[in-house]
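**Student:** As input, take final02.txt (compact mmCIF, C-alpha atoms):
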# COMPACT_ATOMS: atom_id res chain seq x y z
CA MET E 1 -31.62 28.61 -21.89
CA LYS E 2 -32.82 25.01 -22.04
CA LYS E 3 -29.68 24.02 -23.96
CA LEU E 4 -27.48 25.67 -21.33
CA PHE E 5 -29.37 23.91 -18.55
CA MET E 6 -29.09 20.58 -20.37
CA LEU E 7 -25.33 21.03 -20.91
CA LEU E 8 -24.88 21.94 -17.27
CA PHE E 9 -26.90 18.89 -16.21
CA ILE E 10 -24.80 16.59 -18.44
CA ALA E 11 -21.58 18.10 -17.08
CA VAL E 12 -22.70 17.53 -13.48
CA ILE E 13 -23.62 13.91 -14.25
CA ALA E 14 -20.29 13.32 -16.02
CA LEU E 15 -18.34 14.78 -13.10
CA ALA E 16 -20.31 12.70 -10.63
CA ALA E 17 -19.54 9.57 -12.64
CA CYS E 18 -15.84 10.43 -12.65
CA GLY E 19 -15.94 10.92 -8.90
CA THR E 20 -17.65 7.58 -8.49
CA GLU E 21 -14.98 5.86 -10.57
CA GLU E 22 -12.25 7.50 -8.50
CA SER E 23 -13.91 6.41 -5.29
CA LYS E 24 -13.83 2.80 -6.50
CA LYS E 25 -10.06 2.95 -6.43
CA GLY E 26 -8.82 1.97 -3.02
CA THR E 27 -6.90 4.12 -0.66
CA TYR E 28 -4.48 3.32 2.08
CA GLU E 29 -3.72 4.73 5.49
CA THR E 30 -0.23 5.69 6.57
CA ILE E 31 0.78 4.69 10.07
CA ALA E 32 3.75 5.51 12.30
CA ILE E 33 6.40 2.88 12.79
CA ASP E 34 5.46 2.47 16.46
CA GLN E 35 2.00 1.23 15.42
CA ILE E 36 3.29 -1.86 13.61
CA GLU E 37 3.19 -4.23 16.57
CA GLU E 38 -0.38 -3.17 17.44
CA LYS E 39 -1.52 -3.75 13.85
CA VAL E 40 0.18 -7.16 13.71
CA LYS E 41 -1.83 -8.13 16.80
CA GLU E 42 -4.94 -7.08 14.85
CA GLY E 43 -4.00 -9.55 12.10
CA TYR E 44 -1.97 -7.50 9.65
CA LYS E 45 1.07 -9.11 8.03
CA VAL E 46 4.30 -7.16 7.51
CA VAL E 47 5.70 -6.99 3.98
CA ASP E 48 9.18 -5.52 3.49
CA VAL E 49 9.47 -4.09 -0.04
CA ARG E 50 13.23 -3.59 0.01
CA GLU E 51 15.40 -5.60 -2.35
CA PHE E 52 16.37 -9.16 -1.35
CA SER E 53 19.90 -8.12 -0.34
CA GLU E 54 18.59 -5.32 1.92
CA TYR E 55 16.04 -7.63 3.51
CA ALA E 56 18.79 -10.15 4.25
CA THR E 57 20.71 -7.60 6.34
CA GLY E 58 17.87 -7.51 8.86
CA HIS E 59 14.09 -7.21 8.87
CA ILE E 60 11.16 -7.17 11.27
CA VAL E 61 10.63 -10.61 12.76
CA GLY E 62 8.16 -12.53 10.60
CA ALA E 63 8.12 -9.98 7.77
CA ALA E 64 7.75 -11.31 4.26
CA ASN E 65 9.90 -9.90 1.47
CA LYS E 66 8.30 -8.67 -1.74
CA PRO E 67 10.56 -6.09 -3.40
CA LEU E 68 8.98 -3.04 -5.00
CA THR E 69 10.69 -4.02 -8.25
CA GLU E 70 8.69 -7.26 -8.26
CA LEU E 71 5.43 -5.44 -7.57
CA GLN E 72 6.20 -3.04 -10.42
CA LYS E 73 6.38 -6.11 -12.69
CA SER E 74 2.92 -7.17 -11.43
CA ASN E 75 4.41 -10.08 -9.49
CA PHE E 76 2.02 -10.52 -6.56
CA GLU E 77 2.94 -14.14 -5.89
CA LEU E 78 2.58 -15.16 -2.22
CA LEU E 79 0.24 -12.22 -1.48
CA SER E 80 -3.46 -12.83 -0.90
CA LYS E 81 -6.24 -10.30 -1.27
CA GLU E 82 -7.84 -12.03 1.72
CA ASP E 83 -5.06 -10.71 4.01
CA SER E 84 -4.22 -7.19 5.18
CA TYR E 85 -0.66 -5.93 4.96
CA ILE E 86 1.68 -3.42 6.55
CA ILE E 87 4.12 -2.15 3.92
CA ILE E 88 7.60 -1.04 4.98
CA CYS E 89 10.86 -0.20 3.20
CA GLN E 90 14.11 1.49 4.22
CA SER E 91 12.96 5.09 4.61
CA GLY E 92 9.30 5.34 3.60
CA ASN E 93 9.54 6.18 -0.10
CA ARG E 94 9.31 2.76 -1.72
CA SER E 95 6.55 1.71 0.67
CA LYS E 96 4.36 4.54 -0.67
CA GLN E 97 4.88 3.35 -4.23
CA ALA E 98 4.24 -0.26 -3.24
CA SER E 99 1.10 0.71 -1.32
CA GLU E 100 -0.26 2.55 -4.36
CA ILE E 101 0.36 -0.47 -6.59
CA LEU E 102 -1.16 -2.92 -4.13
CA VAL E 103 -4.25 -0.82 -3.46
CA GLU E 104 -4.79 -0.41 -7.20
CA GLU E 105 -4.74 -4.21 -7.45
CA GLY E 106 -7.31 -4.59 -4.67
CA TYR E 107 -5.13 -5.37 -1.65
CA THR E 108 -5.73 -3.92 1.82
CA VAL E 109 -2.60 -2.16 3.04
CA LEU E 110 -1.21 0.20 5.63
CA ASN E 111 1.87 2.19 4.63
CA VAL E 112 4.54 2.87 7.26
CA SER E 113 5.64 6.51 7.18
CA GLU E 114 9.15 5.69 8.37
CA GLY E 115 11.24 2.71 7.35
CA MET E 116 13.64 0.13 8.68
CA SER E 117 16.18 2.90 9.24
CA SER E 118 13.93 4.02 12.12
CA TRP E 119 12.97 0.58 13.45
CA THR E 120 14.16 -0.01 17.03
CA GLY E 121 12.40 -3.31 17.59
CA GLU E 122 13.74 -6.82 17.20
CA ILE E 123 15.08 -7.86 13.81
CA GLU E 124 15.97 -11.17 12.24
CA LYS E 125 18.38 -12.03 9.45
Would you mind writing the file out in structure tokens?

**Tutor:**
Amino acid sequence: MKKLFMLLFIAVIALAACGTEESKKGTYETIAIDQIEEKVKEGYKVVDVREFSEYATGHIVGAANKPLTELQKSNFELLSKEDSYIIICQSGNRSKQASEILVEEGYTVLNVSEGMSSWTGEIEK
């Protein structure tokens, strides 16, 4: 009985440690596209993770371009962990992947559920 209790105790401790390790990994919130302007006013910076050629066709005014393919290569140049970012792509799929990568690296991000295909605000080229 003591052995069973001890094994159960060790299992509980091991599971708690795993949970603690998981909780150290960051998470991100997903916002609606109509919340972008509000979040920018709060100090967030917009990062468009579409490819350079897509970004050039039109992007949110002031948005930086850091393609998902660059993030997948661990290229975080021009991004600072001191800043908070709004991550957007064309339809919402790449921004999820980019958000996961960035959070894993310690960045603070908000993922946009929709993408530029749904953006009705001003754009620049």

**Student:** Neighbours of range 53-64 of chain E within 12 Å (all atoms listed in the file; same-chain residues fewer than 2 positions away dropped), as number ranges by chain?

**Tutor:** E: 33, 36-37, 40, 44-51, 66-68, 77-79, 85-90, 115-125

**Student:** I'd like the contact shell of range 100-111 of chain E - 9 Å cut-off, only C-alpha atoms, skipping same-chain residues fewer than 4 positions apart - returned as number ranges by chain.

**Tutor:** E: 25-32, 44, 71-72, 74, 76, 79-88, 92, 95-96

**Student:** I'd like to know which of E:Ser113, E:Phe52, E:Ser91, E:Gln35 is closest to Thr69 in chain E, using all atoms listed in the file.

**Tutor:** E:Phe52

**Student:** Using all atoms listed in the file, find the one residue out of E:Arg94, E:Asn75, E:Glu70, E:Glu42 that sits nearest to Glu114 in chain E.

**Tutor:** E:Arg94

**Student:** Let me have the centre and edge lengths in Å, one decimal, of the box along x, y and z around every listed atom of range 52-67 of chain E with 5 Å of margin on each side, as lines of an AutoDock Vina configuration file.

**Tutor:**
center_x = 14.2
center_y = -8.9
center_z = 4.7
size_x = 23.0
size_y = 17.2
size_z = 26.2
